[in-house]
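Undergrad: So here's my_file-v7.cif (mmCIF, C-alpha atoms).
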data_upload
#
loop_
_atom_site.group_PDB
_atom_site.id
_atom_site.type_symbol
_atom_site.label_atom_id
_atom_site.label_comp_id
_atom_site.auth_asym_id
_atom_site.auth_seq_id
_atom_site.Cartn_x
_atom_site.Cartn_y
_atom_site.Cartn_z
ATOM 1 C CA ILE Z 1 -14.723 67.713 -58.616
ATOM 2 C CA PHE Z 2 -16.873 69.367 -55.960
ATOM 3 C CA ALA Z 3 -20.104 67.800 -54.751
ATOM 4 C CA GLY Z 4 -22.965 69.086 -56.872
ATOM 5 C CA GLU Z 5 -20.947 68.985 -60.088
ATOM 6 C CA SER Z 6 -21.195 66.292 -62.748
ATOM 7 C CA THR Z 7 -18.696 64.378 -64.864
ATOM 8 C CA ASN Z 8 -18.845 62.031 -67.861
ATOM 9 C CA PHE Z 9 -17.664 58.413 -67.780
ATOM 10 C CA THR Z 10 -16.852 56.803 -71.123
ATOM 11 C CA ILE Z 11 -17.676 53.103 -70.939
ATOM 12 C CA SER Z 12 -16.309 50.580 -73.434
ATOM 13 C CA ALA Z 13 -17.597 46.997 -73.685
ATOM 14 C CA SER Z 14 -16.035 44.210 -75.721
ATOM 15 C CA PHE Z 15 -15.960 40.432 -76.012
ATOM 16 C CA PHE Z 16 -12.974 38.312 -74.961
ATOM 17 C CA ASP Z 17 -11.491 38.512 -78.497
ATOM 18 C CA GLY Z 18 -11.624 42.315 -78.494
ATOM 19 C CA THR Z 19 -14.708 42.614 -80.706
ATOM 20 C CA PRO Z 20 -16.831 45.638 -79.657
ATOM 21 C CA ALA Z 21 -20.020 44.644 -77.841
ATOM 22 C CA LYS Z 22 -22.358 46.829 -79.873
ATOM 23 C CA ASN Z 23 -25.914 47.557 -78.756
ATOM 24 C CA MET Z 24 -25.307 45.752 -75.452
ATOM 25 C CA ASP Z 25 -27.501 46.534 -72.473
ATOM 26 C CA LEU Z 26 -25.506 47.580 -69.390
ATOM 27 C CA LYS Z 27 -26.439 48.308 -65.804
ATOM 28 C CA VAL Z 28 -24.692 51.099 -63.888
ATOM 29 C CA THR Z 29 -24.748 51.028 -60.058
ATOM 30 C CA GLU Z 30 -23.733 54.092 -58.019
ATOM 31 C CA SER Z 31 -21.844 53.447 -54.762
ATOM 32 C CA VAL Z 32 -23.221 56.403 -52.820
ATOM 33 C CA ASN Z 33 -26.916 55.598 -52.891
ATOM 34 C CA GLY Z 34 -27.152 52.266 -54.711
ATOM 35 C CA LYS Z 35 -29.059 53.857 -57.596
ATOM 36 C CA THR Z 36 -29.030 51.818 -60.818
ATOM 37 C CA SER Z 37 -29.393 52.982 -64.426
ATOM 38 C CA SER Z 38 -29.810 51.091 -67.686
ATOM 39 C CA ILE Z 39 -27.756 52.142 -70.713
ATOM 40 C CA LYS Z 40 -26.849 50.669 -74.111
ATOM 41 C CA THR Z 41 -23.594 50.752 -76.058
ATOM 42 C CA ASP Z 42 -23.367 52.173 -79.583
ATOM 43 C CA ARG Z 43 -22.045 50.437 -82.717
ATOM 44 C CA GLU Z 44 -18.493 50.757 -81.423
ATOM 45 C CA GLY Z 45 -19.341 49.219 -78.057
ATOM 46 C CA LYS Z 46 -19.107 52.576 -76.258
ATOM 47 C CA VAL Z 47 -21.465 54.753 -74.290
ATOM 48 C CA VAL Z 48 -21.081 57.980 -72.281
ATOM 49 C CA PHE Z 49 -22.694 58.073 -68.845
ATOM 50 C CA ASN Z 50 -23.211 61.413 -67.112
ATOM 51 C CA TYR Z 51 -22.771 61.105 -63.360
ATOM 52 C CA ALA Z 52 -24.174 63.898 -61.191
ATOM 53 C CA THR Z 53 -22.889 64.220 -57.624
ATOM 54 C CA SER Z 54 -24.764 65.773 -54.723
ATOM 55 C CA PHE Z 55 -23.624 67.335 -51.467
ATOM 56 C CA GLY Z 56 -24.383 65.570 -48.191
ATOM 57 C CA GLU Z 57 -24.340 67.770 -45.092
ATOM 58 C CA ASN Z 58 -23.351 64.866 -42.821
ATOM 59 C CA SER Z 59 -21.016 63.138 -45.281
ATOM 60 C CA TYR Z 60 -17.238 62.911 -44.934
ATOM 61 C CA TYR Z 61 -15.178 64.563 -47.675
ATOM 62 C CA PRO Z 62 -13.145 64.113 -49.763
ATOM 63 C CA ARG Z 63 -14.298 60.672 -50.825
ATOM 64 C CA HIS Z 64 -14.281 58.314 -53.793
ATOM 65 C CA GLU Z 65 -17.632 57.823 -55.508
ATOM 66 C CA THR Z 66 -17.634 54.681 -57.643
ATOM 67 C CA LEU Z 67 -19.644 53.393 -60.593
ATOM 68 C CA THR Z 68 -19.902 49.649 -61.198
ATOM 69 C CA VAL Z 69 -20.924 48.537 -64.703
ATOM 70 C CA THR Z 70 -22.285 45.037 -65.385
ATOM 71 C CA PRO Z 71 -24.098 43.416 -68.333
ATOM 72 C CA GLY Z 72 -27.798 44.184 -68.294
ATOM 73 C CA SER Z 73 -28.829 40.753 -69.541
ATOM 74 C CA ILE Z 74 -28.811 37.828 -67.135
ATOM 75 C CA GLN Z 75 -27.838 35.622 -70.099
ATOM 76 C CA SER Z 76 -24.500 37.440 -70.391
ATOM 77 C CA LYS Z 77 -21.547 36.011 -68.519
ATOM 78 C CA VAL Z 78 -21.026 37.946 -65.303
ATOM 79 C CA SER Z 79 -18.245 40.508 -65.580
ATOM 80 C CA GLU Z 80 -17.909 44.070 -64.381
ATOM 81 C CA GLY Z 81 -15.946 47.257 -64.738
ATOM 82 C CA ASN Z 82 -15.384 50.064 -62.229
ATOM 83 C CA GLY Z 83 -14.571 53.735 -62.331
ATOM 84 C CA TYR Z 84 -14.505 56.442 -59.694
ATOM 85 C CA VAL Z 85 -14.326 60.176 -59.222
ATOM 86 C CA TYR Z 86 -12.722 61.970 -56.264
ATOM 87 C CA VAL Z 87 -15.374 64.262 -54.753
ATOM 88 C CA PHE Z 88 -14.763 67.201 -52.411
ATOM 89 C CA GLY Z 89 -17.440 68.846 -50.264
ATOM 90 C CA PRO Z 90 -17.027 72.456 -49.101
ATOM 91 C CA ARG Z 91 -14.757 74.824 -51.055
ATOM 92 C CA THR Z 92 -13.240 75.979 -47.768
ATOM 93 C CA GLY Z 93 -11.012 73.865 -45.518
ATOM 94 C CA ILE Z 94 -9.871 74.119 -41.898
ATOM 95 C CA LYS Z 95 -6.694 72.692 -40.356
ATOM 96 C CA THR Z 96 -6.397 72.780 -36.555
ATOM 97 C CA THR Z 97 -3.569 72.441 -34.052
ATOM 98 C CA SER Z 98 -3.834 72.131 -30.275
ATOM 99 C CA ASP Z 99 -1.314 72.906 -27.539
ATOM 100 C CA GLN Z 100 -1.491 73.017 -23.773
ATOM 101 C CA GLU Z 101 0.558 74.596 -20.996
ATOM 102 C CA GLY Z 102 -0.711 73.397 -17.662
ATOM 103 C CA SER Z 103 -4.320 74.509 -17.372
ATOM 104 C CA ARG Z 104 -4.035 76.886 -20.345
ATOM 105 C CA ALA Z 105 -5.435 75.576 -23.649
ATOM 106 C CA LYS Z 106 -4.218 77.001 -26.960
ATOM 107 C CA PHE Z 107 -6.114 76.306 -30.171
ATOM 108 C CA THR Z 108 -5.178 77.506 -33.664
ATOM 109 C CA ALA Z 109 -7.153 77.076 -36.896
ATOM 110 C CA GLU Z 110 -5.948 77.772 -40.430
ATOM 111 C CA VAL Z 111 -8.748 78.588 -42.863
ATOM 112 C CA PHE Z 112 -7.912 77.988 -46.523
ATOM 113 C CA GLU Z 113 -9.398 77.650 -49.983
ATOM 114 C CA VAL Z 114 -9.767 74.166 -51.490
ATOM 115 C CA ASP Z 115 -8.034 74.174 -54.898
ATOM 116 C CA LEU Z 116 -8.329 71.147 -57.191
ATOM 117 C CA GLY Z 117 -5.960 72.498 -59.860
ATOM 118 C CA ASP Z 118 -3.012 70.180 -59.142
ATOM 119 C CA ILE Z 119 -5.244 67.117 -58.894
ATOM 120 C CA ASN Z 120 -7.013 67.743 -62.190
ATOM 121 C CA ARG Z 121 -3.756 68.618 -63.979
ATOM 122 C CA GLY Z 122 -2.212 65.404 -62.700
ATOM 123 C CA THR Z 123 0.696 67.265 -61.078
ATOM 124 C CA GLY Z 124 -0.071 66.345 -57.464
ATOM 125 C CA MET Z 125 -2.678 65.364 -54.894
ATOM 126 C CA GLU Z 126 -2.543 68.520 -52.785
ATOM 127 C CA SER Z 127 -5.898 70.282 -52.531
ATOM 128 C CA ARG Z 128 -4.924 73.038 -50.131
ATOM 129 C CA GLY Z 129 -4.978 76.470 -51.710
ATOM 130 C CA LYS Z 130 -4.305 79.930 -50.330
ATOM 131 C CA ASN Z 131 -5.191 80.876 -46.756
ATOM 132 C CA LEU Z 132 -8.349 82.954 -46.443
ATOM 133 C CA ALA Z 133 -8.050 86.261 -44.606
ATOM 134 C CA GLY Z 134 -11.212 87.847 -43.247
ATOM 135 C CA GLN Z 135 -13.170 84.588 -43.095
ATOM 136 C CA VAL Z 136 -15.933 84.690 -40.480
ATOM 137 C CA VAL Z 137 -16.023 81.575 -38.302
ATOM 138 C CA THR Z 138 -17.969 80.403 -35.276
ATOM 139 C CA VAL Z 139 -16.035 79.072 -32.279
ATOM 140 C CA THR Z 140 -17.848 76.806 -29.829
ATOM 141 C CA ILE Z 141 -16.347 75.359 -26.633
ATOM 142 C CA ARG Z 142 -17.979 72.569 -24.636
ATOM 143 C CA LYS Z 143 -16.915 71.386 -21.186
ATOM 144 C CA LYS Z 144 -17.508 67.735 -20.295
ATOM 145 C CA TRP Z 145 -17.033 65.827 -17.069
ATOM 146 C CA TRP Z 146 -18.461 63.166 -14.743
ATOM 147 C CA GLU Z 147 -19.822 64.144 -11.325
ATOM 148 C CA LYS Z 148 -19.179 61.671 -8.503
ATOM 149 C CA LEU Z 149 -22.273 61.183 -6.341
ATOM 150 C CA GLU Z 150 -22.466 59.055 -3.209
ATOM 151 C CA ASN Z 151 -25.102 56.347 -3.485
ATOM 152 C CA GLY Z 152 -25.174 53.995 -0.482
ATOM 153 C CA THR Z 153 -22.405 51.780 0.885
ATOM 154 C CA TYR Z 154 -20.788 48.397 0.326
ATOM 155 C CA TYR Z 155 -18.621 46.089 2.434
ATOM 156 C CA ASP Z 156 -14.935 45.753 1.487
ATOM 157 C CA TYR Z 157 -14.045 42.139 2.357
ATOM 158 C CA VAL Z 158 -10.325 42.779 1.791
ATOM 159 C CA GLU Z 159 -9.989 45.731 4.174
ATOM 160 C CA LYS Z 160 -12.954 44.502 6.280
ATOM 161 C CA ILE Z 161 -14.581 47.909 6.386
ATOM 162 C CA THR Z 162 -17.736 49.517 5.012
ATOM 163 C CA ARG Z 163 -17.075 51.937 2.167
ATOM 164 C CA PRO Z 164 -19.305 54.459 0.425
ATOM 165 C CA LYS Z 165 -20.651 53.515 -3.011
ATOM 166 C CA PHE Z 166 -20.753 56.067 -5.826
ATOM 167 C CA GLU Z 167 -22.529 56.698 -9.098
ATOM 168 C CA TYR Z 168 -21.410 59.052 -11.843
ATOM 169 C CA LYS Z 169 -23.477 61.686 -13.638
ATOM 170 C CA GLN Z 170 -22.308 62.995 -17.014
ATOM 171 C CA HIS Z 171 -22.258 66.736 -17.740
ATOM 172 C CA ASP Z 172 -21.907 68.397 -21.148
ATOM 173 C CA ASP Z 173 -22.100 72.196 -21.030
ATOM 174 C CA GLN Z 174 -21.518 74.794 -23.715
ATOM 175 C CA ILE Z 175 -19.352 77.484 -22.160
ATOM 176 C CA LEU Z 176 -18.652 79.656 -25.203
ATOM 177 C CA GLU Z 177 -19.998 80.455 -28.650
ATOM 178 C CA LYS Z 178 -18.724 83.484 -30.510
ATOM 179 C CA LYS Z 179 -17.890 84.823 -33.965
ATOM 180 C CA GLU Z 180 -14.271 85.353 -34.941
ATOM 181 C CA THR Z 181 -12.573 86.573 -38.130
ATOM 182 C CA SER Z 182 -9.381 85.038 -39.526
ATOM 183 C CA ASP Z 183 -6.363 87.371 -39.583
ATOM 184 C CA VAL Z 184 -4.288 88.370 -42.618
ATOM 185 C CA ASN Z 185 -2.658 84.929 -42.574
ATOM 186 C CA GLY Z 186 -5.958 83.076 -42.414
ATOM 187 C CA LEU Z 187 -5.441 82.135 -38.747
ATOM 188 C CA VAL Z 188 -7.880 82.052 -35.843
ATOM 189 C CA ARG Z 189 -6.431 81.681 -32.344
ATOM 190 C CA VAL Z 190 -8.336 80.791 -29.185
ATOM 191 C CA GLU Z 191 -6.958 80.448 -25.642
ATOM 192 C CA PHE Z 192 -8.801 79.639 -22.441
ATOM 193 C CA ASP Z 193 -8.238 78.342 -18.905
ATOM 194 C CA MET Z 194 -9.387 74.861 -17.942
ATOM 195 C CA GLU Z 195 -10.695 73.427 -14.723
ATOM 196 C CA LYS Z 196 -9.115 70.364 -13.157
ATOM 197 C CA ASP Z 197 -10.464 66.984 -14.303
ATOM 198 C CA ARG Z 198 -12.478 68.483 -17.122
ATOM 199 C CA SER Z 199 -12.323 67.724 -20.839
ATOM 200 C CA TYR Z 200 -13.011 70.338 -23.492
ATOM 201 C CA GLU Z 201 -14.078 70.171 -27.123
ATOM 202 C CA VAL Z 202 -13.416 73.146 -29.392
ATOM 203 C CA VAL Z 203 -15.347 73.315 -32.666
ATOM 204 C CA ILE Z 204 -14.651 75.931 -35.317
ATOM 205 C CA SER Z 205 -17.036 76.153 -38.251
ATOM 206 C CA ALA Z 206 -17.294 78.284 -41.375
ATOM 207 C CA TYR Z 207 -19.428 78.498 -44.501
ATOM 208 C CA ASP Z 208 -18.047 78.553 -48.042
ATOM 209 C CA ARG Z 209 -19.433 80.524 -50.989
ATOM 210 C CA ASP Z 210 -22.000 77.772 -51.637
ATOM 211 C CA ASN Z 211 -23.197 78.054 -48.025
ATOM 212 C CA ARG Z 212 -21.698 74.676 -47.144
ATOM 213 C CA ARG Z 213 -20.409 74.272 -43.617
ATOM 214 C CA VAL Z 214 -16.941 72.994 -42.808
ATOM 215 C CA LYS Z 215 -15.711 72.154 -39.299
ATOM 216 C CA GLY Z 216 -12.461 71.721 -37.421
ATOM 217 C CA TYR Z 217 -12.004 70.200 -33.959
ATOM 218 C CA GLY Z 218 -9.669 70.397 -30.979
ATOM 219 C CA TYR Z 219 -9.690 68.381 -27.735
ATOM 220 C CA PHE Z 220 -8.181 69.157 -24.348
ATOM 221 C CA TYR Z 221 -8.049 67.628 -20.875
ATOM 222 C CA TYR Z 222 -6.457 68.976 -17.725
ATOM 223 C CA TYR Z 223 -5.625 67.009 -14.607
ATOM 224 C CA GLU Z 224 -3.323 67.491 -11.642
ATOM 225 C CA GLY Z 225 0.048 65.942 -12.377
ATOM 226 C CA ARG Z 226 -0.064 66.544 -16.131
ATOM 227 C CA VAL Z 227 3.445 66.744 -17.627
ATOM 228 C CA ASP Z 228 3.825 69.483 -20.232
ATOM 229 C CA SER Z 229 6.065 69.087 -23.244
ATOM 230 C CA ASN Z 230 8.320 71.891 -22.013
ATOM 231 C CA ASN Z 231 8.346 70.804 -18.365
ATOM 232 C CA ASP Z 232 9.274 67.337 -17.099
ATOM 233 C CA ARG Z 233 8.175 68.001 -13.545
ATOM 234 C CA THR Z 234 4.958 66.420 -12.334
ATOM 235 C CA SER Z 235 2.844 66.678 -9.193
ATOM 236 C CA THR Z 236 2.193 62.936 -9.300
ATOM 237 C CA PRO Z 237 4.577 60.967 -7.018
ATOM 238 C CA THR Z 238 7.096 58.983 -9.072
ATOM 239 C CA LEU Z 239 9.568 56.250 -8.166
ATOM 240 C CA THR Z 240 13.180 56.907 -9.250
ATOM 241 C CA LEU Z 241 16.505 55.107 -8.903
ATOM 242 C CA ASN Z 242 19.779 56.757 -7.948
ATOM 243 C CA GLN Z 243 21.544 55.134 -10.893
ATOM 244 C CA LYS Z 244 20.998 54.681 -14.635
ATOM 245 C CA SER Z 245 20.846 50.890 -14.665
ATOM 246 C CA ASN Z 246 17.960 49.000 -13.131
ATOM 247 C CA ARG Z 247 19.813 45.650 -13.028
ATOM 248 C CA PHE Z 248 20.853 44.315 -9.624
ATOM 249 C CA SER Z 249 22.426 41.193 -8.097
ATOM 250 C CA LEU Z 250 20.809 39.086 -5.391
ATOM 251 C CA GLY Z 251 21.372 40.619 -1.990
ATOM 252 C CA GLN Z 252 22.330 44.004 -3.428
ATOM 253 C CA THR Z 253 20.790 47.076 -1.780
ATOM 254 C CA VAL Z 254 18.546 49.112 -4.091
ATOM 255 C CA ASN Z 255 18.629 52.829 -3.357
ATOM 256 C CA LEU Z 256 15.439 54.435 -4.609
ATOM 257 C CA LYS Z 257 13.319 57.435 -3.750
ATOM 258 C CA VAL Z 258 9.839 58.766 -4.342
ATOM 259 C CA GLU Z 259 9.726 62.321 -5.704
ATOM 260 C CA GLN Z 260 6.982 64.850 -6.229
ATOM 261 C CA ASP Z 261 7.517 68.192 -7.988
ATOM 262 C CA GLY Z 262 11.269 67.585 -8.023
ATOM 263 C CA SER Z 263 11.653 66.972 -4.297
ATOM 264 C CA GLY Z 264 11.219 64.107 -1.845
ATOM 265 C CA TYR Z 265 7.676 62.835 -1.328
ATOM 266 C CA THR Z 266 6.688 62.550 2.327
ATOM 267 C CA GLY Z 267 3.100 61.397 1.985
ATOM 268 C CA ASN Z 268 0.866 61.216 5.016
ATOM 269 C CA GLN Z 269 -0.530 58.690 7.465
ATOM 270 C CA ASP Z 270 -3.107 57.504 4.919
ATOM 271 C CA SER Z 271 -0.598 56.993 2.086
ATOM 272 C CA LYS Z 272 -0.409 53.461 0.733
ATOM 273 C CA TYR Z 273 2.239 52.012 -1.575
ATOM 274 C CA LEU Z 274 1.954 49.125 -3.982
ATOM 275 C CA PHE Z 275 5.224 47.444 -5.152
#
Here is a file; write its structure as structure tokens.
TA:
Amino acid sequence: IFAGESTNFTISASFFDGTPAKNMDLKVTESVNGKTSSIKTDREGKVVFNYATSFGENSYYPRHETLTVTPGSIQSKVSEGNGYVYVFGPRTGIKTTSDQEGSRAKFTAEVFEVDLGDINRGTGMESRGKNLAGQVVTVTIRKKWWEKLENGTYYDYVEKITRPKFEYKQHDDQILEKKETSDVNGLVRVEFDMEKDRSYEVVISAYDRDNRRVKGYGYFYYYEGRVDSNNDRTSTPTLTLNQKSNRFSLGQTVNLKVEQDGSGYTGNQDSKYLF
């Protein structure tokens, strides 16, 4: 069901020999808020409990909401029964995918209707319905990074020199917020260029017919030397062997090279190597 709807639980109580526990006091505890209710079974040891759900703006959906039933009398031997209902929040869903080519970020969102038909018919657990064309969404992009600031000096006892000391200041800036409309296939596409050594968060949000907000997220980071999925070249120097095997005998010469961007790496007078 969707949050805000209600459902009935039929509770049956009996003794160990199967005799109905008629007119027995029971306590019902709700998992979401800990609320308790007192109920009593009928002559057949049964009682119907109406459970009303509510929507939580900051809650994670879908989720199981559970009822725990225990005897209401402390004289009764402790035993309990449990039942749950699968609760969905917004009636609209968003699925996101992220891709990156160098400094170019590509973000795609699919906006769709949440359909509980298969779940309630018992024919499947898929809740994704048809894609929603013409759905208005809000796209927000935030840029985050740490700024390196010099703050005094310290003595390096290994190198025996004085080095500058740094502190780091965090930045979190909103660089874009705009309205978009999903196309005929229910898709929203966003592309943007990234700065080096910056991370980006993309948030896409929409409201369903009950004015409930749903969100989708995408995350990106660009740095020099990043290897793209369609390009195995990197600007970071890498150590490579001139043969497939990396097993050698004592005294054998190892021919290796350092490459950068597919060619030999020359470095400079300040380059240091750790083996």
Undergrad: Taking the file as I've supplied it (selection: the PyMOL selection byres ((chain Z and resi 190) around 7)), which residues are included? Please answer as number ranges by chain.
TA: Z: 106-108, 188-189, 191-192
Undergrad: Take the residues just selected and output them with C-alpha atoms as a short mmCIF file (atom, residue, chain, number, x, y, z; two decimals), in the frame of the given file.
TA:
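What ended up in part33.cif:
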data_model
loop_
_atom_site.label_atom_id
_atom_site.label_comp_id
_atom_site.auth_asym_id
_atom_site.auth_seq_id
_atom_site.Cartn_x
_atom_site.Cartn_y
_atom_site.Cartn_z
CA LYS Z 106 -4.22 77.00 -26.96
CA PHE Z 107 -6.11 76.31 -30.17
CA THR Z 108 -5.18 77.51 -33.66
CA VAL Z 188 -7.88 82.05 -35.84
CA ARG Z 189 -6.43 81.68 -32.34
CA GLU Z 191 -6.96 80.45 -25.64
CA PHE Z 192 -8.80 79.64 -22.44
#
Undergrad: I need the residue set behind the PyMOL selection byres ((chain Z and resi 141) around 12) for this file; please write it as a PyMOL selection string.
TA: chain Z and resi 105+107+138-140+142-144+172-178+190-194+199-205+217-220
Undergrad: Work out how far atom CA of Gly4 of chain Z is from atom CA of Ala133 of chain Z, in Å to one decimal.
TA: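 Pair atom CA of Ala133 of chain Z / atom CA of Gly4 of chain Z returns 25.8 Å.
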Undergrad: Could you tell me how far atom CA of Arg91 of chain Z lies from atom CA of Phe9 of chain Z, in Å and to one decimal?
TA: 23.6 Å
Undergrad: For atom CA of Pro62 of chain Z and atom CA of Thr7 of chain Z, quote the distance in Å rounded to one decimal.
TA: 16.1 Å
Undergrad: Between Z:Ile11, Z:Tyr273, Z:Tyr222, Z:Gly134, single out the one closest to Gly81 of chain Z, counting all atoms listed in the file.
TA: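 Of Z:Ile11, Z:Tyr273, Z:Tyr222, Z:Gly134, the one nearest Gly81 of chain Z is Z:Ile11, counting all atoms listed in the file.
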Undergrad: Identify, on the basis of all atoms listed in the file, every residue whose closest approach to segment 255-257 of chain Z does not exceed 12 Å; exclude the query and any residue fewer than 6 positions from it along the same chain; express the result as a list of chain:residue names.
TA: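 In the requested format, the answer is Z:Pro237, Z:Thr238, Z:Leu239, Z:Thr240, Z:Leu241, Z:Asn242, Z:Gln243, Z:Lys244, Z:Ser245, Z:Asn246, Z:Phe248, Z:Ser263, Z:Gly264, Z:Tyr265, Z:Thr266.
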Undergrad: Using the chain letters and numbering of this document, enumerate as JSON, numbers by chain the residues selected by the PyMOL selection byres ((chain Z and resi 1) around 7).
TA: {"Z": [2, 3, 5, 86, 87, 88]}
Undergrad: Using all atoms listed in the file, can you tell me which of Z:Thr181, Z:Pro90, Z:Thr10, Z:Asp118 comes closest to Ser54 of chain Z?
TA: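 Nearest to Ser54 of chain Z: Z:Pro90.
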Undergrad: Using the file's own x, y and z axes, what box holds all listed atoms of segment 13-24 of chain Z with 8 Å on each side, keeping edges along x, y and z, and what are its centre and edge lengths in Å to one decimal, as JSON?
TA:
{"center_x": -18.7, "center_y": 42.9, "center_z": -77.2, "size_x": 30.4, "size_y": 25.2, "size_z": 23.0}
Undergrad: Could you rebuild segment 4-17 of chain Z with N, CA, C and O atoms and give me the result as a short mmCIF file (atom, residue, chain, number, x, y, z; two decimals), in the frame of the given file?
TA:
data_model
loop_
_atom_site.label_atom_id
_atom_site.label_comp_id
_atom_site.auth_asym_id
_atom_site.auth_seq_id
_atom_site.Cartn_x
_atom_site.Cartn_y
_atom_site.Cartn_z
N GLY Z 4 -22.01 68.25 -56.16
CA GLY Z 4 -22.96 69.09 -56.87
C GLY Z 4 -22.62 69.24 -58.34
O GLY Z 4 -23.47 69.63 -59.14
N GLU Z 5 -21.36 68.95 -58.69
CA GLU Z 5 -20.95 68.98 -60.09
C GLU Z 5 -21.13 67.61 -60.72
O GLU Z 5 -21.34 66.62 -60.03
N SER Z 6 -21.04 67.56 -62.04
CA SER Z 6 -21.20 66.29 -62.75
C SER Z 6 -19.98 66.03 -63.62
O SER Z 6 -19.21 66.95 -63.94
N THR Z 7 -19.80 64.77 -64.00
CA THR Z 7 -18.70 64.38 -64.86
C THR Z 7 -19.16 63.24 -65.77
O THR Z 7 -20.13 62.54 -65.46
N ASN Z 8 -18.49 63.08 -66.91
CA ASN Z 8 -18.84 62.03 -67.86
C ASN Z 8 -17.89 60.85 -67.76
O ASN Z 8 -16.66 61.04 -67.73
N PHE Z 9 -18.43 59.65 -67.71
CA PHE Z 9 -17.66 58.41 -67.78
C PHE Z 9 -17.86 57.81 -69.17
O PHE Z 9 -19.01 57.63 -69.62
N THR Z 10 -16.78 57.50 -69.85
CA THR Z 10 -16.85 56.80 -71.12
C THR Z 10 -16.67 55.31 -70.87
O THR Z 10 -15.62 54.89 -70.36
N ILE Z 11 -17.68 54.54 -71.22
CA ILE Z 11 -17.68 53.10 -70.94
C ILE Z 11 -17.49 52.34 -72.25
O ILE Z 11 -18.18 52.61 -73.24
N SER Z 12 -16.56 51.42 -72.27
CA SER Z 12 -16.31 50.58 -73.43
C SER Z 12 -16.56 49.13 -73.07
O SER Z 12 -16.08 48.65 -72.03
N ALA Z 13 -17.31 48.41 -73.91
CA ALA Z 13 -17.60 47.00 -73.68
C ALA Z 13 -17.13 46.20 -74.89
O ALA Z 13 -17.30 46.62 -76.05
N SER Z 14 -16.51 45.06 -74.63
CA SER Z 14 -16.04 44.21 -75.72
C SER Z 14 -16.07 42.76 -75.29
O SER Z 14 -16.15 42.45 -74.09
N PHE Z 15 -16.01 41.86 -76.30
CA PHE Z 15 -15.96 40.43 -76.01
C PHE Z 15 -14.51 40.02 -75.76
O PHE Z 15 -13.58 40.82 -75.92
N PHE Z 16 -14.31 38.77 -75.34
CA PHE Z 16 -12.97 38.31 -74.96
C PHE Z 16 -11.96 38.44 -76.09
O PHE Z 16 -10.77 38.57 -75.85
N ASP Z 17 -12.42 38.41 -77.37
CA ASP Z 17 -11.49 38.51 -78.50
C ASP Z 17 -11.26 39.95 -78.94
O ASP Z 17 -10.60 40.20 -79.94
#
